[in-house]
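> For reference, the file protein_17.txt (compact mmCIF, C-alpha atoms and all ligand atoms) is included below:
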# COMPACT_ATOMS: atom_id res chain seq x y z
CA MET A 1 0.00 0.00 0.00
CA SER A 2 1.53 3.34 -1.08
CA ALA A 3 1.57 6.40 1.18
CA VAL A 4 1.20 8.70 -1.86
CA HIS A 5 -2.11 9.41 -3.59
CA PHE A 6 -2.74 11.37 -6.75
CA GLU A 7 -6.32 12.70 -6.78
CA PRO A 8 -7.51 13.65 -10.27
CA GLY A 9 -7.69 17.44 -10.47
CA ALA A 10 -5.71 18.05 -7.27
CA ALA A 11 -2.88 20.60 -7.61
CA ALA A 12 -0.43 18.43 -5.67
CA PRO A 13 -0.05 14.82 -4.51
CA PHE A 14 -1.20 13.76 -1.04
CA ILE A 15 1.26 11.95 1.24
CA ASP A 16 -0.25 10.14 4.20
CA THR A 17 2.61 10.97 6.57
CA LEU A 18 0.76 9.25 9.43
CA SER A 19 0.62 5.88 7.66
CA ALA A 20 2.85 2.87 8.36
CA ALA A 21 3.69 2.75 4.64
CA TYR A 22 5.25 6.25 4.89
CA ASP A 23 7.42 5.40 7.90
CA LEU A 24 8.57 2.17 6.25
CA ASP A 25 10.00 3.96 3.21
CA ILE A 26 9.81 7.73 3.36
CA HIS A 27 12.26 8.07 0.47
CA ALA A 28 10.03 6.10 -1.91
CA ALA A 29 7.07 8.31 -0.93
CA HIS A 30 9.06 11.55 -1.41
CA ARG A 31 10.46 10.35 -4.75
CA ALA A 32 7.03 9.40 -6.10
CA ALA A 33 5.49 12.70 -4.99
CA ARG A 34 8.42 14.86 -6.14
CA GLU A 35 8.19 13.48 -9.67
CA ARG A 36 4.86 15.35 -9.88
CA SER A 37 5.38 18.40 -7.67
CA TRP A 38 7.82 20.22 -5.37
CA TYR A 39 5.26 20.12 -2.55
CA ALA A 40 2.52 17.80 -1.33
CA THR A 41 -0.43 17.94 1.03
CA THR A 42 -0.45 15.79 4.20
CA PRO A 43 -2.97 15.17 7.02
CA LEU A 44 -1.10 17.87 9.02
CA GLY A 45 -0.67 20.57 6.37
CA LEU A 46 1.87 20.81 3.56
CA VAL A 47 5.28 19.26 3.06
CA PHE A 48 8.00 20.85 0.90
CA LEU A 49 9.99 18.29 -1.05
CA ASP A 50 12.81 19.88 -3.03
CA TYR A 51 16.03 21.47 -1.80
CA GLU A 52 15.15 24.94 -3.02
CA SER A 53 11.80 25.13 -1.19
CA VAL A 54 13.05 23.51 2.03
CA HIS A 55 16.05 25.85 2.16
CA TRP A 56 13.76 28.83 1.46
CA LEU A 57 11.34 27.87 4.24
CA LEU A 58 14.09 27.34 6.81
CA HIS A 59 15.32 30.89 6.19
CA GLU A 60 11.96 32.65 5.70
CA LYS A 61 11.13 35.27 8.37
CA ARG A 62 7.36 35.15 7.66
CA PHE A 63 7.21 31.69 9.28
CA ARG A 64 7.93 30.55 12.79
CA LEU A 65 8.58 27.14 14.28
CA GLN A 66 5.32 25.40 15.06
CA GLY A 67 6.13 25.24 18.80
CA ASN A 68 2.99 25.67 20.86
CA ASP A 69 0.68 24.87 17.93
CA ALA A 70 1.45 21.17 18.42
CA LEU A 71 0.26 21.52 22.03
CA ASP A 72 -2.84 23.48 20.94
CA LEU A 73 -3.73 20.66 18.58
CA ALA A 74 -3.35 18.18 21.43
CA GLY A 75 -5.56 20.40 23.66
CA ILE A 76 -2.70 21.13 26.11
CA ARG A 77 -3.16 24.79 27.10
CA SER A 78 -1.55 24.91 30.54
CA GLY A 79 0.73 22.91 32.82
CA ARG A 80 4.41 22.06 32.99
CA LEU A 81 4.83 20.88 29.41
CA ARG A 82 3.20 24.07 28.08
CA GLU A 83 5.48 26.18 30.29
CA TRP A 84 8.57 24.30 29.14
CA PHE A 85 7.62 24.69 25.49
CA GLY A 86 7.39 28.44 26.09
CA GLN A 87 10.86 28.57 27.64
CA ILE A 88 13.03 26.47 25.35
CA LEU A 89 15.36 27.85 22.73
CA SER A 90 13.74 26.16 19.76
CA ASN A 91 10.36 27.75 20.55
CA LYS A 92 11.68 31.31 20.93
CA GLU A 93 11.78 33.70 18.00
CA GLY A 94 13.29 37.09 17.20
CA GLU A 95 15.53 38.88 19.69
CA PRO A 96 14.70 36.64 22.71
CA HIS A 97 15.87 33.66 20.63
CA ALA A 98 18.95 35.47 19.31
CA ARG A 99 19.90 36.53 22.84
CA LEU A 100 19.71 32.97 24.24
CA ARG A 101 21.84 31.67 21.33
CA ARG A 102 24.41 34.43 21.89
CA VAL A 103 24.70 33.67 25.59
CA VAL A 104 24.88 29.88 25.28
CA SER A 105 27.40 30.13 22.42
CA ARG A 106 29.82 31.98 24.73
CA ALA A 107 30.01 28.80 26.85
CA PHE A 108 29.32 26.03 24.31
CA THR A 109 32.59 26.55 22.42
CA PRO A 110 34.57 24.27 20.06
CA ARG A 111 36.87 23.60 23.05
CA GLN A 112 33.97 21.96 24.91
CA ILE A 113 33.63 19.54 21.99
CA GLU A 114 37.36 18.91 21.50
CA ARG A 115 37.85 17.98 25.15
CA LEU A 116 35.25 15.22 24.74
CA ARG A 117 36.88 13.46 21.78
CA PRO A 118 39.13 11.07 23.79
CA MET A 119 36.12 10.16 25.94
CA MET A 120 34.02 9.50 22.81
CA ARG A 121 36.66 7.05 21.53
CA GLU A 122 37.14 5.39 24.92
CA THR A 123 33.39 4.95 25.39
CA ALA A 124 33.02 3.48 21.90
CA ARG A 125 35.85 1.00 22.58
CA GLU A 126 34.32 0.04 25.91
CA PHE A 127 30.93 -0.72 24.33
CA ILE A 128 32.53 -2.66 21.47
CA ASP A 129 34.69 -4.62 23.96
CA SER A 130 31.58 -5.52 25.91
CA LEU A 131 30.41 -7.38 22.79
CA ALA A 132 33.56 -9.54 22.69
CA GLY A 133 32.70 -13.17 22.07
CA ARG A 134 29.38 -12.28 20.48
CA SER A 135 28.65 -12.17 16.78
CA ALA A 136 25.27 -10.43 16.90
CA CYS A 137 23.45 -7.76 18.91
CA GLU A 138 20.60 -5.29 18.85
CA PHE A 139 22.60 -2.15 18.02
CA VAL A 140 20.27 0.47 19.53
CA GLU A 141 20.35 -1.09 22.98
CA ALA A 142 24.00 -2.13 22.82
CA PHE A 143 25.46 1.11 21.46
CA ALA A 144 23.32 3.80 19.83
CA ALA A 145 21.26 4.57 22.95
CA PRO A 146 23.89 4.47 25.73
CA TYR A 147 26.71 6.18 23.79
CA PRO A 148 25.21 9.69 23.41
CA VAL A 149 24.10 9.58 27.06
CA ARG A 150 27.74 9.32 28.11
CA VAL A 151 28.79 12.11 25.77
CA ILE A 152 26.09 14.57 26.81
CA GLY A 153 26.73 13.59 30.44
CA GLY A 154 30.42 14.39 29.94
CA LEU A 155 29.56 17.67 28.23
CA LEU A 156 27.34 18.83 31.10
CA GLY A 157 29.37 17.42 34.01
CA VAL A 158 26.85 14.75 35.03
CA PRO A 159 28.37 11.98 37.20
CA PRO A 160 28.22 8.51 35.53
CA SER A 161 26.05 7.16 38.36
CA ASP A 162 23.22 9.43 37.12
CA PHE A 163 23.35 8.48 33.42
CA ALA A 164 20.66 5.79 33.55
CA ARG A 165 18.19 8.11 35.30
CA PHE A 166 18.51 11.05 32.95
CA HIS A 167 18.48 8.76 29.96
CA ALA A 168 15.08 7.33 31.01
CA TRP A 169 13.67 10.83 31.55
CA SER A 170 14.92 12.05 28.17
CA ARG A 171 13.35 9.07 26.46
CA ASP A 172 9.99 9.93 28.00
CA LEU A 173 10.41 13.59 27.10
CA SER A 174 11.00 12.70 23.45
CA LEU A 175 7.31 11.70 23.34
CA ALA A 176 6.57 15.45 23.38
CA PHE A 177 7.80 15.57 19.75
CA GLY A 178 5.68 12.73 18.42
CA SER A 179 2.06 12.32 17.41
CA ARG A 180 0.89 10.95 20.79
CA ILE A 181 1.47 13.99 23.00
CA ALA A 182 -2.03 14.01 24.50
CA GLU A 183 -2.03 10.30 25.50
CA GLU A 184 1.53 10.43 26.81
CA ARG A 185 1.20 13.74 28.64
CA PRO A 186 1.39 12.33 32.23
CA ARG A 187 4.58 10.45 31.38
CA ILE A 188 6.10 13.46 29.61
CA GLU A 189 5.30 15.83 32.47
CA ALA A 190 6.65 13.43 35.11
CA ALA A 191 9.92 13.19 33.15
CA LEU A 192 10.06 16.96 32.83
CA ALA A 193 9.58 17.41 36.59
CA ASN A 194 12.46 15.01 37.23
CA LEU A 195 14.70 16.67 34.64
CA ASP A 196 13.95 20.15 36.04
CA ASP A 197 14.91 19.04 39.57
CA TYR A 198 17.96 17.29 38.21
CA ALA A 199 19.09 20.39 36.30
CA ASP A 200 18.70 22.57 39.43
CA GLY A 201 20.80 20.10 41.44
CA LEU A 202 23.46 20.02 38.73
CA VAL A 203 23.71 23.82 38.69
CA GLU A 204 24.11 23.88 42.47
CA ARG A 205 26.86 21.26 42.30
CA CYS A 206 28.72 23.14 39.57
CA ARG A 207 28.37 26.40 41.48
CA ARG A 208 29.94 24.82 44.59
CA SER A 209 32.73 23.01 42.72
CA PRO A 210 33.09 24.18 39.12
CA GLY A 211 34.64 21.84 36.56
CA ASP A 212 35.68 21.94 32.93
CA ASP A 213 32.10 21.23 31.79
CA LEU A 214 29.45 23.26 29.97
CA THR A 215 27.17 23.64 33.03
CA SER A 216 30.05 25.21 34.99
CA ALA A 217 30.87 27.44 32.01
CA LEU A 218 27.22 28.61 31.83
CA VAL A 219 27.18 29.28 35.59
CA ALA A 220 30.49 31.19 35.31
CA LEU A 221 28.86 33.65 32.89
CA GLU A 222 27.00 35.08 35.91
CA SER A 223 30.20 36.67 37.17
CA SER A 224 31.65 37.50 33.75
CA GLY A 225 30.24 41.03 33.66
CA GLY A 226 28.31 40.18 30.46
CA ASP A 227 24.88 38.71 29.78
CA PHE A 228 24.02 35.38 31.43
CA LEU A 229 21.08 32.97 31.80
CA ASP A 230 18.84 33.46 34.84
CA ALA A 231 17.80 30.41 36.89
CA ASP A 232 14.72 29.60 34.76
CA GLU A 233 16.60 30.07 31.49
CA LEU A 234 19.50 27.95 32.69
CA ARG A 235 17.18 25.12 33.79
CA ALA A 236 15.36 25.18 30.43
CA MET A 237 18.66 25.27 28.52
CA LEU A 238 20.06 22.28 30.43
CA THR A 239 16.93 20.20 29.98
CA VAL A 240 16.89 20.94 26.27
CA LEU A 241 20.56 20.01 25.93
CA ILE A 242 20.13 16.81 27.96
CA PHE A 243 17.20 15.88 25.78
CA GLY A 244 18.39 17.27 22.43
CA GLY A 245 21.74 15.54 22.68
CA GLN A 246 20.47 12.00 23.13
CA ASP A 247 17.51 10.82 21.13
CA THR A 248 18.65 12.55 17.92
CA THR A 249 22.18 11.18 18.04
CA GLN A 250 20.90 7.72 19.01
CA CYS A 251 18.64 7.68 15.96
CA GLN A 252 21.40 9.05 13.71
CA LEU A 253 23.88 6.37 14.79
CA ALA A 254 21.31 3.65 14.19
CA CYS A 255 20.52 5.18 10.77
CA ALA A 256 24.26 5.13 10.02
CA LEU A 257 24.72 1.44 10.89
CA ALA A 258 21.55 0.45 9.02
CA THR A 259 22.98 2.24 5.97
CA PHE A 260 26.47 0.74 6.18
CA ALA A 261 25.03 -2.74 6.78
CA ARG A 262 23.55 -2.42 3.29
CA HIS A 263 26.77 -0.99 1.80
CA PRO A 264 29.60 -3.33 2.85
CA ASP A 265 32.10 -1.84 0.36
CA ALA A 266 31.70 1.58 1.94
CA TRP A 267 32.13 0.01 5.40
CA HIS A 268 35.39 -1.70 4.39
CA LEU A 269 36.63 1.52 2.82
CA LEU A 270 36.02 3.37 6.08
CA ALA A 271 37.79 0.67 8.11
CA ALA A 272 40.86 0.98 5.87
CA HIS A 273 40.69 4.80 5.66
CA PRO A 274 39.54 6.33 8.95
CA GLU A 275 40.52 9.71 7.46
CA TYR A 276 37.28 9.53 5.45
CA ALA A 277 35.23 9.60 8.67
CA LEU A 278 34.06 13.23 8.34
CA SER A 279 32.93 12.84 4.78
CA ALA A 280 31.26 9.50 5.58
CA ALA A 281 29.40 11.09 8.51
CA GLU A 282 28.21 13.92 6.27
CA GLU A 283 26.95 11.47 3.64
CA VAL A 284 25.13 9.38 6.27
CA LEU A 285 23.47 12.57 7.54
CA ARG A 286 22.36 13.33 3.97
CA TYR A 287 21.37 9.85 2.87
CA GLU A 288 19.61 8.69 6.05
CA GLY A 289 19.24 11.69 8.36
CA ALA A 290 17.52 11.33 11.74
CA GLY A 291 15.83 14.76 11.50
CA SER A 292 12.63 14.93 9.45
CA GLY A 293 12.55 18.72 9.79
CA ASN A 294 10.57 20.88 12.19
CA PRO A 295 7.19 22.18 11.00
CA ARG A 296 6.83 25.92 10.39
CA THR A 297 3.64 28.03 10.66
CA ALA A 298 2.95 30.95 8.29
CA LEU A 299 2.59 34.22 10.23
CA GLU A 300 0.83 35.97 7.31
CA ASP A 301 -0.44 35.19 3.82
CA VAL A 302 2.58 34.38 1.64
CA GLU A 303 2.97 33.58 -2.05
CA TYR A 304 5.83 31.28 -3.10
CA ARG A 305 6.44 29.76 -6.56
CA GLY A 306 2.83 30.44 -7.49
CA LEU A 307 1.47 28.75 -4.34
CA ALA A 308 -0.80 30.89 -2.14
CA ILE A 309 -0.05 30.03 1.49
CA LYS A 310 -2.63 31.28 4.00
CA ALA A 311 -1.57 32.63 7.41
CA GLY A 312 -1.64 29.75 9.91
CA THR A 313 -0.73 27.07 7.33
CA VAL A 314 1.64 24.46 8.75
CA ILE A 315 4.44 23.30 6.45
CA LEU A 316 7.07 20.64 7.06
CA PRO A 317 10.42 21.49 5.42
CA SER A 318 11.35 17.86 4.78
CA ALA A 319 15.10 17.43 5.20
CA PRO A 320 15.07 13.78 4.06
CA ALA A 321 13.31 14.82 0.84
CA ALA A 322 15.55 17.85 0.21
CA ASN A 323 18.66 15.77 0.88
CA ARG A 324 17.72 13.47 -2.00
CA ASP A 325 16.73 16.14 -4.49
CA PRO A 326 18.39 15.08 -7.77
CA LYS A 327 18.75 18.74 -8.79
CA THR A 328 21.10 19.29 -5.85
CA TYR A 329 22.68 15.84 -5.40
CA PRO A 330 23.33 13.91 -8.62
CA ASP A 331 22.21 10.28 -8.31
CA PRO A 332 20.79 11.04 -4.85
CA ASP A 333 19.80 7.47 -3.91
CA ARG A 334 23.41 6.33 -4.23
CA PHE A 335 25.26 6.19 -0.89
CA ASP A 336 28.78 7.49 -1.44
CA PRO A 337 30.90 8.24 1.64
CA LEU A 338 33.32 10.20 -0.57
CA ARG A 339 30.61 12.36 -2.13
CA ARG A 340 31.43 16.07 -2.36
CA HIS A 341 28.39 18.00 -1.16
CA GLY A 342 27.90 21.05 -3.37
CA GLU A 343 25.24 22.29 -0.93
CA PRO A 344 25.10 21.50 2.79
CA MET A 345 22.70 18.70 3.69
CA LEU A 346 19.72 19.95 5.73
CA THR A 347 19.40 17.31 8.46
CA PHE A 348 20.40 19.90 11.08
CA GLY A 349 17.88 22.41 9.74
CA GLY A 350 18.98 25.87 8.73
CA GLY A 351 18.59 29.58 9.40
CA VAL A 352 18.45 30.96 12.93
CA HIS A 353 17.32 27.65 14.46
CA PHE A 354 20.15 25.62 12.91
CA CYS A 355 20.94 22.78 15.34
CA LEU A 356 22.97 24.09 18.27
CA GLY A 357 24.58 20.67 18.76
CA ALA A 358 25.52 20.03 15.11
CA SER A 359 29.31 20.17 15.69
CA LEU A 360 29.02 17.89 18.70
CA ALA A 361 26.85 15.40 16.80
CA ARG A 362 29.21 15.43 13.80
CA ALA A 363 32.16 14.74 16.12
CA GLU A 364 30.30 11.93 17.90
CA ILE A 365 29.48 10.18 14.63
CA ALA A 366 32.85 10.74 12.97
CA GLU A 367 34.74 9.47 16.04
CA VAL A 368 32.86 6.18 16.28
CA LEU A 369 32.21 5.11 12.70
CA PRO A 370 35.82 4.11 11.82
CA LEU A 371 36.20 2.28 15.17
CA LEU A 372 33.03 0.33 14.54
CA ALA A 373 34.08 -0.39 10.96
CA GLN A 374 37.44 -1.76 12.11
CA ARG A 375 36.01 -3.85 14.95
CA MET A 376 32.88 -5.11 13.17
CA PRO A 377 34.15 -5.78 9.64
CA ASN A 378 31.41 -8.28 8.76
CA LEU A 379 28.53 -5.95 9.57
CA ALA A 380 25.19 -7.16 8.18
CA LEU A 381 21.53 -6.93 9.11
CA ASP A 382 20.36 -9.81 11.27
CA GLY A 383 16.61 -9.44 10.83
CA GLU A 384 14.04 -6.76 10.09
CA ILE A 385 14.72 -3.16 11.10
CA GLU A 386 11.92 -1.84 13.30
CA TRP A 387 11.55 1.84 12.30
CA ARG A 388 10.19 4.33 14.80
CA ARG A 389 6.63 5.42 13.96
CA GLY A 390 5.00 8.85 13.96
CA SER A 391 7.94 10.97 15.12
CA LEU A 392 9.89 13.90 13.72
CA ILE A 393 13.06 12.27 14.99
CA ARG A 394 13.33 9.17 12.87
CA GLY A 395 15.47 6.07 12.98
CA PRO A 396 15.47 2.38 13.84
CA GLU A 397 13.83 1.57 17.17
CA ARG A 398 15.47 -1.85 16.96
CA LEU A 399 18.38 -2.71 14.69
CA PRO A 400 19.47 -6.38 14.82
CA ILE A 401 22.98 -6.74 13.38
CA ARG A 402 25.59 -9.44 12.85
CA PHE A 403 29.26 -8.59 12.72
C1 LIG B 1 22.50 13.81 14.66
C2 LIG B 1 21.99 14.41 15.71
C3 LIG B 1 21.09 15.62 15.63
C4 LIG B 1 20.15 15.95 14.71
C5 LIG B 1 19.73 15.17 13.47
C6 LIG B 1 19.59 17.23 15.11
C7 LIG B 1 18.61 17.92 14.41
C8 LIG B 1 18.14 19.17 14.75
C9 LIG B 1 17.15 19.91 13.98
C10 LIG B 1 16.49 19.44 12.68
C11 LIG B 1 16.94 21.08 14.62
C12 LIG B 1 15.95 22.19 14.20
C13 LIG B 1 16.52 23.06 13.14
C14 LIG B 1 15.48 23.87 12.43
O1 LIG B 1 14.28 23.63 12.60
O2 LIG B 1 15.86 24.77 11.66
C15 LIG B 1 17.76 21.08 15.82
C16 LIG B 1 17.79 22.10 16.74
C17 LIG B 1 18.44 22.00 17.94
N1 LIG B 1 19.31 21.01 18.34
FE1 LIG B 1 19.83 19.37 17.26
N2 LIG B 1 20.19 17.61 16.28
C18 LIG B 1 21.12 16.68 16.63
C19 LIG B 1 21.95 16.71 17.72
C20 LIG B 1 21.90 17.64 18.71
C21 LIG B 1 22.74 17.66 19.89
C22 LIG B 1 23.87 16.66 20.17
C23 LIG B 1 22.34 18.74 20.66
C24 LIG B 1 22.84 19.22 21.98
C25 LIG B 1 23.99 19.05 22.49
C26 LIG B 1 21.27 19.40 19.95
C27 LIG B 1 20.60 20.53 20.39
C28 LIG B 1 19.72 21.28 19.62
C29 LIG B 1 19.12 22.53 20.07
C30 LIG B 1 19.31 23.18 21.43
C31 LIG B 1 18.33 22.99 19.01
C32 LIG B 1 17.47 24.26 18.97
C33 LIG B 1 18.23 25.36 18.24
C34 LIG B 1 17.46 26.66 18.09
O3 LIG B 1 16.22 26.64 18.03
O4 LIG B 1 18.10 27.72 18.03
N3 LIG B 1 21.04 18.72 18.77
N4 LIG B 1 18.49 19.91 15.87
Rewrite the structure from the file as structure tokens, please.

Amino acid sequence: MSAVHFEPGAAAPFIDTLSAAYDLDIHAAHRAARERSWYATTPLGLVFLDYESVHWLLHEKRFRLQGNDALDLAGIRSGRLREWFGQILSNKEGEPHARLRRVVSRAFTPRQIERLRPMMRETAREFIDSLAGRSACEFVEAFAAPYPVRVIGGLLGVPPSDFARFHAWSRDLSLAFGSRIAEERPRIEAALANLDDYADGLVERCRRSPGDDLTSALVALESSGGDFLDADELRAMLTVLIFGGQDTTQCQLACALATFARHPDAWHLLAAHPEYALSAAEEVLRYEGAGSGNPRTALEDVEYRGLAIKAGTVILPSAPAANRDPKTYPDPDRFDPLRRHGEPMLTFGGGVHFCLGASLARAEIAEVLPLLAQRMPNLALDGEIEWRRGSLIRGPERLPIRF
């Protein structure tokens, strides 16, 4: 059953983005729809499908991130989740957003990422060693999920004994970005309450005994004479970093292994040439990115390429579709770890909301891929991939591999 329908007389194809068929093969759906049109209708609004339109939308000031609209649709008009949505960086616009980015960027420097590289490699080796004697595993549980927890924990100065707790809370919080917000609200809000308390405790600890970590650096801004985050802003920033740094990277790593398992030549090339790690990571992010894009809402009536967009229209700038636009990437369905990207892939979004953690995520992926390729040379799928359903952060929920 196809997720794409062509109604006679309709201006654009319809993609049922809520269907199982769509989640199973989003690329096939985008390809079929894009052959007819650069945009499609969906049960939630519109989706833009080519590089030009997605890039335009990401940079267009007459749209804002959907933010609270998702909660409105779910009938959530007050409470902790609503408050949190109002506070976090990705839901701010204009100068309040620019100010938060300026302040956090003074602490979240390239040095914070560089200092984590040895730990990334050590952690990867430790997880791979723990598989010694085995020839198969479920990769999400064995590696993709626990690895980013360690990295984000290291970034923020979280003691290892707390990793399991904040990982469980982040997992529950990720439900706030799926299609089941209303049903899952109690679980999401309980996780948020725990994460808020945890973030406050972490700030207190870093205030008493500052370390080399990002939390301490954010706290130190208070006495720097410049702008700094107040207690509420700091708590919201930490929860968003704890959350933002885990689920996305987990899904991206699982997408990467699923891709390489189907491209053994590329895997062997990477094992022999670890110096290709950066370019391989970039191609994985293009070919099978974990970010579907964040929906935008039109603030006023807008006309674009002959399409009249009414104020309030919700549009998804589909990164997976743009990243396989043949006008931008020749032979886009070919996975080529040495591909030269003429235009930057859009998995991290673009414009003012461009992913704050993109450099960290790139480093995490590029550090581990060659190690995995060298230690798991016979990588292959060991059963069906179970893809996550109904979420903007996409990737295998379960990835059985042999190696
Ligand atoms: C491969 C992993 C990741 C992917 C695919 C990803 C994807 C994205 C996307 C699509 C956006 C929205 C951009 C837009 O709508 O224009 C975003 C924003 C954001 N990401 Fe990531 N991300 C990843 C890793 C991370 C990490 C590791 C962190 C934190 C350490 C992080 C923190 C954030 C934050 C705070 C924002 C909001 C930025 C803003 O609104 O100004 N992300 N990310």
> From the options A:Thr41, A:Gln252, A:Ser105, A:Gln66, which residue's atoms come nearest to Glu93 in chain A, counting all atoms listed in the file?
A:Gln66
> So which residues touch Ser37 in chain A within 8 Å, counting all atoms listed in the file, skipping near sequence neighbours fewer than 4 positions away, as a VMD selection string?
chain A and resid 12 to 13 33
> Which residues are close to range 278-280 of chain A, i.e. within 9 Å by all atoms listed in the file, leaving aside same-chain residues fewer than 4 positions away? Reply as number ranges by chain.
A: 266, 270, 274, 284-285, 336-340, 362-363, 365-367, 369
> Save out the residues we just selected, C-alpha atoms, as a CSV table (one decimal), in the frame of the given file.

chain,number,residue,atom,x,y,z
A,266,ALA,CA,31.7,1.6,1.9
A,270,LEU,CA,36.0,3.4,6.1
A,274,PRO,CA,39.5,6.3,9.0
A,284,VAL,CA,25.1,9.4,6.3
A,285,LEU,CA,23.5,12.6,7.5
A,336,ASP,CA,28.8,7.5,-1.4
A,337,PRO,CA,30.9,8.2,1.6
A,338,LEU,CA,33.3,10.2,-0.6
A,339,ARG,CA,30.6,12.4,-2.1
A,340,ARG,CA,31.4,16.1,-2.4
A,362,ARG,CA,29.2,15.4,13.8
A,363,ALA,CA,32.2,14.7,16.1
A,365,ILE,CA,29.5,10.2,14.6
A,366,ALA,CA,32.8,10.7,13.0
A,367,GLU,CA,34.7,9.5,16.0
A,369,LEU,CA,32.2,5.1,12.7
> If you count all atoms listed in the file, which residues fall within 10 Å of Tyr304 in chain A, apart from same-chain ones fewer than 5 positions away, as a PDB file with C-alpha atoms, in the frame of the given file?

ATOM      1  CA  SER A  53      11.800  25.130  -1.190  1.00  0.00           C
ATOM      2  CA  TRP A  56      13.760  28.830   1.460  1.00  0.00           C
ATOM      3  CA  LEU A  57      11.340  27.870   4.240  1.00  0.00           C
ATOM      4  CA  ILE A 309      -0.050  30.030   1.490  1.00  0.00           C
TER       5      ILE A 309
END
> Please identify every polymer residue within 6 Å of ligand LIG 1 (chain B), using all atoms listed in the file, and present the set as JSON, numbers by chain.
{"A": [58, 89, 90, 240, 241, 244, 245, 248, 249, 252, 290, 291, 293, 294, 347, 348, 349, 350, 351, 353, 354, 355, 356, 357, 358, 360, 361]}
> Could I see range 343-356 of chain A restored to N, CA and C atoms, set down as a CSV table (one decimal), in the frame of the given file?

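Generated output (selection.csv):
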chain,number,residue,atom,x,y,z
A,343,GLU,N,26.0,21.5,-1.9
A,343,GLU,CA,25.2,22.3,-0.9
A,343,GLU,C,25.2,21.5,0.4
A,344,PRO,N,25.1,22.2,1.5
A,344,PRO,CA,25.1,21.5,2.8
A,344,PRO,C,23.8,20.7,3.0
A,345,MET,N,23.9,19.5,3.4
A,345,MET,CA,22.7,18.7,3.7
A,345,MET,C,21.9,19.4,4.8
A,346,LEU,N,20.6,19.1,4.9
A,346,LEU,CA,19.7,20.0,5.7
A,346,LEU,C,19.2,19.2,7.0
A,347,THR,N,19.9,18.1,7.3
A,347,THR,CA,19.4,17.3,8.5
A,347,THR,C,19.4,18.1,9.8
A,348,PHE,N,20.4,19.1,9.9
A,348,PHE,CA,20.4,19.9,11.1
A,348,PHE,C,19.6,21.2,10.9
A,349,GLY,N,18.7,21.2,10.0
A,349,GLY,CA,17.9,22.4,9.7
A,349,GLY,C,18.7,23.5,9.1
A,350,GLY,N,18.3,24.8,9.3
A,350,GLY,CA,19.0,25.9,8.7
A,350,GLY,C,18.4,27.2,9.3
A,351,GLY,N,19.1,28.3,8.9
A,351,GLY,CA,18.6,29.6,9.4
A,351,GLY,C,18.9,29.8,10.9
A,352,VAL,N,18.1,30.6,11.5
A,352,VAL,CA,18.4,31.0,12.9
A,352,VAL,C,18.3,29.8,13.9
A,353,HIS,N,17.5,28.8,13.5
A,353,HIS,CA,17.3,27.6,14.5
A,353,HIS,C,18.3,26.5,14.2
A,354,PHE,N,19.2,26.7,13.3
A,354,PHE,CA,20.2,25.6,12.9
A,354,PHE,C,20.6,24.9,14.2
A,355,CYS,N,20.7,23.6,14.1
A,355,CYS,CA,20.9,22.8,15.3
A,355,CYS,C,22.2,23.3,16.1
A,356,LEU,N,21.9,23.6,17.4
A,356,LEU,CA,23.0,24.1,18.3
A,356,LEU,C,24.0,23.0,18.5
